[in-house]
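Trainee: Encoded as structure tokens, here's the structure I'll be asking about.
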Amino acid sequence: MKYRLYENATNDTSNIIKEILNNRGISDYKTYLNLTDDVEIHYSNLEEIKSAVDVFSIHFDNKNIIGILVDCDVDGYTSASIMYKYIKLMDADYPVKYILHSKPKAHGLSEDVIIDDDIKLLIIPDAASNDVEQCKELKNKGIDIIILDHHEIEKENPYAIVVNNMKSDKYYNKNLSGVGIVYKFLQALDDYYWNEYADKFIDLVALGNIGDMMDIRSFETKYLINKGLSNIKNKCFNAFIKAQEYSMNGKINIHNIQWYIVPVLNALIRIGSYEERELLFKAFIEQDEFFEYKTRATKDKPSEVIKESIYERSARLCKNAKSRQDNAREKTTTIIMDKIEKECNKKDKIIIVDGTDVVDDGLIGVTAMKIADLYNKPCILLNKRIENNKIIYSGSARNTNNSPITSLKDIINTTKLFDLAQGHNNAFGIKLKITKVNDVKEKLNELLKDVIYENTYVVDFVLNQDEITTYLINEINKLESIIGQGIDECRVAIENLIINKEDIQLLGKESNTITFVKNDIKYIQFKCRQGNLLFDWINDTWDENDAVEINLVGKPSVNEYGGIKMPQIMIDDFNIIRFIKSYNEDEDSIW
């Protein structure tokens, strides 16, 4: 185990909150903790937004049929939802159609999308900035296109009106997701039509930005999320909060939504059937509906048929999809790891592995992320597919957290060997000719020859055991509600911590949770197994050492159970410095 302080950290505990936020690049921490609407950037700073309003108004005022393409992730669903609901709020009978991908995990104007001939205006939120050829084809059919996106612009698109913060120099917040750009468009429509509707959807703006892992160090993005989570009205969003209430411990914050709501939504969007995905979108646009549902029988209660709302049904189906996804991912990960051991060179700087016939398209991203985490290096997971009557590789690339590579996508594009690399900097889709794989490996190894992947924990403080106090942990816990992308949980390194063997307990059904209390602070490490030196020592009844001295890295928090609050350190990792053996009984000293 290795650890180091954040760059430019001072290890100063006199103002704990200031130090933690400064470590994450926020120098004006007081403003960040008390954001107001003056951090919002006016929509007029987005290029082409006036043209988008003008084109929208022409079609809307003439009651031309409008189509809205729903992209396959949480940002896509929320951004399409608020666009659809805004139009229906202006005119409940307006002819607007939503268009779902027939394949899960497809994006933009992919080949599975069918645009009806009667659609005169197509609105594409959260995608398609670079779908130039597809836009040209639709434009030639007489369809106007408005793209409301936030992904990197890689090609000029003269066939659509592209509203995108990444191409707008005056819109300096590049960490606003697709739903954020749609929200800005709705603000512009508000001004044009003298409406006050945009803020009715601010809760879904928050969900979409959290779902797309936007960096919340952006003052504007964080302000919109704050505003949204304080005004949750959407029935579907509320149903998911209720369904995950136990896991979230009743706390609605960025971290809990990111961990307990976004993953179940993405699971169904990625692996659910078309009917399930459509049901979820209908729930987001609040099309009230009820279904009969037969509950499972238990030993205490027989099965019964109950009425279930579309919102309850969506939450249940998403949780079921997450369970299926987890099980499938574990199986495919095991197979992919076996292929890596047999087929890949461990010296390669990036794992590139063929998952054809092993990994479904809906699982390729999450499996690549799992592999990257397990091997502590980036992973490109490939599937063979037929495109334009040719067999090619398509797949997903994922980087690790705390990687020395800041943008994997930039590295990939530097090779000039990929046909496509689109998405976020460290999580994106790729296309590649099968004949180019060996050239790619060689080029990447050359580009990254000086890169060293180390499992080094970055910590806010390096302290001794006496400096770990309840005050310190309570102060750190005050930041619980703002943890999210870019604002990582606080970690501390504790050096020269001495633990008596008799004070250590093993808890859990499998007795694999280590816990002990030191200076009124509870220390805990879950899922310990053989090979964990502390775990092995505790279980060795023949070992004569009575104590151990360790350095550890962990996350401070406050656990609340049954109304009792307990400061604690969740142990990530540790090094044993020495074992301590008691003296003989005839010696005066205890140690």
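Each chain of the structure tokens is named A, B, ... in the order shown, its residues numbered from 1; ligands are numbered from 1 in display order.
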Please identify every residue of region 170-195 of chain A that has at least one atom no farther than 12 Å from an atom of region 410-427 of chain A, counting only C-alpha atoms, and for each give the shortest atom pair and the distance in Å to one decimal, arranged by chain then increasing number, as a Markdown table.
Mentor:
```
| residue | atom | partner | partner_atom | distance |
| --- | --- | --- | --- | --- |
| A:Lys174 | CA | A:His424 | CA | 11.8 |
| A:Asn175 | CA | A:His424 | CA | 10.9 |
| A:Ser177 | CA | A:His424 | CA | 10.8 |
```
Trainee: Using only C-alpha atoms, which residues sit within 12 Å of Leu381 (chain A) once same-chain residues fewer than 6 positions away are excluded, as a count of residues only?
Mentor: 41
Trainee: Report the closest atom pair, with its distance in Å rounded to one decimal, for each residue of region 303-340 of chain A that has an atom no farther than 9 Å from region 285-297 of chain A; count only C-alpha atoms, sort by chain and then rising residue number, and write it as CSV.
Mentor:
```
residue,atom,partner,partner_atom,distance
A:Ser303,CA,A:Ala297,CA,4.1
A:Glu304,CA,A:Thr295,CA,5.5
A:Val305,CA,A:Lys294,CA,4.3
A:Ile306,CA,A:Tyr293,CA,5.3
A:Lys307,CA,A:Glu292,CA,4.8
A:Glu308,CA,A:Phe291,CA,5.1
A:Ser309,CA,A:Phe290,CA,4.4
A:Ile310,CA,A:Glu289,CA,5.3
A:Tyr311,CA,A:Asp288,CA,8.2
A:Arg313,CA,A:Phe291,CA,8.0
```
Trainee: Please report, as a VMD selection string, each residue of region 217-413 of chain A to which DSSP assigns strand (DSSP E) when run on this structure's backbone.
Mentor: chain A and resid 290 to 294 305 to 309 351 to 354 379 to 387 390 to 398
Trainee: In Å, how far is it from CA of Asn62 (chain A) to CA of Glu137 (chain A)?
Mentor: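 It comes out at 23.6 Å.
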Trainee: Excluding Leu148 (chain A) and its own-chain neighbours fewer than 4 positions away, which residues fall within 7 Å of it when counting only C-alpha atoms? Please give them as a list of chain:residue names.
Mentor: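 My reading of the contact set: A:Ile124, A:Pro125, A:Asp126, A:Val162, A:Val163, A:Asn164, A:Gly178, A:Ile181, A:Val182.
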Trainee: Write the selection just made, keeping N, CA and C atoms, as a CSV table (one decimal), in the first residue's frame?
Mentor:
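Result file again-v9.csv:
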```
chain,number,residue,atom,x,y,z
A,124,ILE,N,-32.9,16.3,-30.9
A,124,ILE,CA,-32.0,15.2,-30.4
A,124,ILE,C,-31.2,15.7,-29.1
A,125,PRO,N,-31.7,15.4,-28.0
A,125,PRO,CA,-31.0,15.8,-26.7
A,125,PRO,C,-29.9,14.8,-26.4
A,126,ASP,N,-28.7,15.3,-25.9
A,126,ASP,CA,-27.7,14.5,-25.4
A,126,ASP,C,-27.0,13.6,-26.4
A,162,VAL,N,-26.8,22.9,-34.0
A,162,VAL,CA,-26.1,22.2,-32.9
A,162,VAL,C,-25.9,23.2,-31.8
A,163,VAL,N,-26.6,23.0,-30.7
A,163,VAL,CA,-26.5,23.8,-29.5
A,163,VAL,C,-25.7,22.9,-28.5
A,164,ASN,N,-24.4,23.4,-28.2
A,164,ASN,CA,-23.5,22.5,-27.5
A,164,ASN,C,-22.5,23.4,-26.7
A,178,GLY,N,-26.2,16.9,-21.1
A,178,GLY,CA,-27.2,17.1,-22.1
A,178,GLY,C,-28.5,17.7,-21.5
A,181,ILE,N,-28.2,21.4,-21.1
A,181,ILE,CA,-28.3,22.1,-22.3
A,181,ILE,C,-29.8,22.3,-22.7
A,182,VAL,N,-30.5,21.2,-22.5
A,182,VAL,CA,-32.0,21.2,-22.8
A,182,VAL,C,-32.6,22.3,-21.8
```
Trainee: What gap, in Å, lies between CA of Leu224 (chain A) and CA of Val55 (chain A)?
Mentor: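 Rounded to one decimal, the two atoms are 26.9 Å apart.
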Trainee: Counting only C-alpha atoms, give me one row per residue of region 5-104 of chain A with an atom at most 10 Å from an atom of region 195-211 of chain A, showing the shortest contact pair and its distance in Å to one decimal, sorted by chain then residue number, as a tab-separated table.
Mentor:
```
residue	atom	partner	partner_atom	distance
A:Asp73	CA	A:Gly211	CA	8.0
A:Val74	CA	A:Gly211	CA	5.6
A:Asp75	CA	A:Gly208	CA	4.2
A:Gly76	CA	A:Gly208	CA	7.6
A:Tyr77	CA	A:Gly208	CA	8.0
A:Thr78	CA	A:Leu204	CA	5.7
A:Ser79	CA	A:Gly208	CA	7.1
A:Ser81	CA	A:Leu204	CA	8.4
A:Ile82	CA	A:Phe201	CA	6.2
A:Met83	CA	A:Phe201	CA	9.4
A:Lys85	CA	A:Phe201	CA	8.6
A:Tyr86	CA	A:Tyr197	CA	7.0
A:Ile87	CA	A:Tyr197	CA	10.0
A:Leu89	CA	A:Tyr197	CA	7.9
A:Met90	CA	A:Asn195	CA	8.5
```
Trainee: Give me the residues near Leu317 (chain A) as number ranges by chain, where near means some atom within 8 Å (using only C-alpha atoms) and where sequence neighbours in that chain fewer than 4 positions away do not count.
Mentor: A: 268, 276, 313, 321
